[in-house]
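Reading through the structure tokens given below for one structure.
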Amino acid sequence: MRGDEPTEENWVDPEIIRPYVVTRGRTQPAHGRFDLISMALAVGPPPGPDAGLDPEHLRILQLCREPKSVAEIAAYLDLPAGTVRVLLGDLFDRELVSAQEPRSEVDMHDIKMYRAVLDGLRSL
Amino acid sequence: MAFARSERPRLPTAIKILIAGGFGAGKTTMVGAVSETRPLRTEEVLTDRSIGVDDISSVEAKRTTTVAMDFGRITLGNDYVLYLFGTPGQERFWFVWDELAEGSLGAVILADTRRLADCFPSVDYFERRGTPFVVAVNCFDGSPTFQLDEVRLALQLDPSIPIVMCDARKRDSSREVLITLVKHSARLRAEPVGS
């Protein structure tokens with residue numbers, strides 16, 4: 001029960017919510033399918049308390065002020081990657097994050113990509 | 001370089017490299033040595049749906065498995081982020097390897113000369129899959145010293161596959177291994193980059 005105050009963020013300690021409760025039993029995001037290295041970035045103004053978001057959603061938005069991958073979000077929030085995919089899907093649908101669809105970006109035949117990676121590694 | 005600020009923030013392109021090898025070969029050590037943070041850990045909860053229909057789903061009831069993976073991040077300028085994933089050790093997690101290998105730039109197979117046979121499954125896997133890979137012989141203190149040619153022979157590696165010595169604890173050494181892999185992958189998939 002969320003009670004009469006859905007605006008209350010900390011209605012229960014997030015640490016004790018099991019992953020399937022966090023996603024209300026959903027195992028697949030509503031749209032798309034993010035893989036482990038799909039990047040997400042929070043966009044637009046932070047949502048107000050009436051946006052109906054759960055604490056995990058808000059933590060993801062906070063984390064994604066800089067671009068983060070699904071794997072990183074999962075690691076920092078200590079949630080399974082599948083759970084993060086679902087939550088990210090919610091945020092994506094509300095246009096609160098900009099996110100990459102999986103396997104849409106990297107062209108493994110693109111010589112420019114290899115050059116950029118080599119340059120980056122050399123300057124580490 | 002100067003970019004006009006676009007309305008929508010641009011996301012960097014994420015690239016992944018797999019770090020494979022037997023248990024204790026130094027996978028997580030290498031991830032930690034070159035990454036910008038300590039190694040992170042992510043868990044995938046997999047059901048038989050993730051495992052695939054042509055595998056075992058027809059004979060086994062629905063079940064879930066949790067697989068933990070260590071990984072690290074290297075930010076390469078504004079446009080690229082490189083993720084290094086240590087592959088899960090047990091062979092029953094091949095289906096996780098499939099997800100990791102899909103769309104990857106390539107793989108580093110870490111070889112421990114004390115247990116060279118441990119990297120046979122990784123070599124077989126990436127050869128079969130056509131994923132570019134290099135072999136890095138991790139030189140532990142007190143490990144038997146082999147010539148790289150001997151290791152190549154023992155692993156029955158094709159002459160075209162690079163094999164290098166490394167110290168997975170050292171940033172520079174691990175970085176050189178990654179550079180060797182990126183060049184190798186570029187040679188196979190794009191056009192030659194440098195020497």
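Labels for the structure tokens follow display order: chains A, B, ..., residues from 1 in each chain, ligands from 1.
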
Which residues come within 10 Å of Thr29 of chain B, counting only C-alpha atoms, excluding same-chain residues fewer than 3 positions away, as a ChimeraX atom specification?
/B:24-26,32-34,38-39,86,167-171,174

Selection to disk with C-alpha atoms, as a CSV table (one decimal), in the first residue's frame:
```csv
chain,number,residue,atom,x,y,z
B,24,GLY,CA,42.6,-16.7,-11.1
B,25,ALA,CA,44.2,-15.6,-14.4
B,26,GLY,CA,43.9,-12.0,-13.4
B,32,GLY,CA,40.9,-2.7,-12.2
B,33,ALA,CA,44.4,-1.7,-13.5
B,34,VAL,CA,43.1,0.3,-16.5
B,38,ARG,CA,37.6,0.2,-8.9
B,39,PRO,CA,36.0,-2.8,-10.6
B,86,GLY,CA,35.4,-9.9,-17.0
B,167,ASP,CA,51.5,-7.8,-16.1
B,168,ALA,CA,47.8,-7.5,-15.4
B,169,ARG,CA,48.5,-5.5,-12.2
B,170,LYS,CA,50.1,-2.7,-14.2
B,171,ARG,CA,48.2,0.0,-15.9
B,174,SER,CA,47.3,-3.7,-19.5
```

Which polymer residues have any atom within 12 Å of an atom of Pro45 of chain A, counting only C-alpha atoms, with same-chain residues fewer than 3 positions away left out, as a PDB file with C-alpha atoms, in the first residue's frame?
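Once written, around.pdb looks like this:
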```
ATOM      1  CA  ALA A  42      18.924  12.501 -17.514  1.00  0.00           C
ATOM      2  CA  GLY A  48       8.392  17.212  -9.268  1.00  0.00           C
ATOM      3  CA  ALA A  51       5.381  12.818 -11.082  1.00  0.00           C
ATOM      4  CA  LEU A  61      17.930  10.211 -12.584  1.00  0.00           C
ATOM      5  CA  GLN A  62      20.399  11.495 -10.028  1.00  0.00           C
ATOM      6  CA  ARG A  65      23.342  13.494 -14.603  1.00  0.00           C
ATOM      7  CA  GLU A  95      11.208  11.540 -21.685  1.00  0.00           C
ATOM      8  CA  LEU A  96      13.170  12.007 -18.499  1.00  0.00           C
ATOM      9  CA  VAL A  97      16.193  10.219 -19.892  1.00  0.00           C
TER      10      VAL A  97
END
```

Which residues of chain B are close to chain A, meaning at most 8 Å apart when you count only C-alpha atoms, and how do they look as a PyMOL selection string?
chain B and resi 9+11-16+40-45+76-77+80+83+103+105+175+178-179+182-183+186+189-191+193

Report as a PyMOL selection string: the residues of chain B with a DSSP assignment of helix (DSSP H, G or I), based on the backbone of this structure.
chain B and resi 27-34+48-51+91-101+113-129+148-154+171-189

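Between atom CA of Thr37 of chain B and atom CA of Val96 of chain B lies a distance of 23.5 Å.
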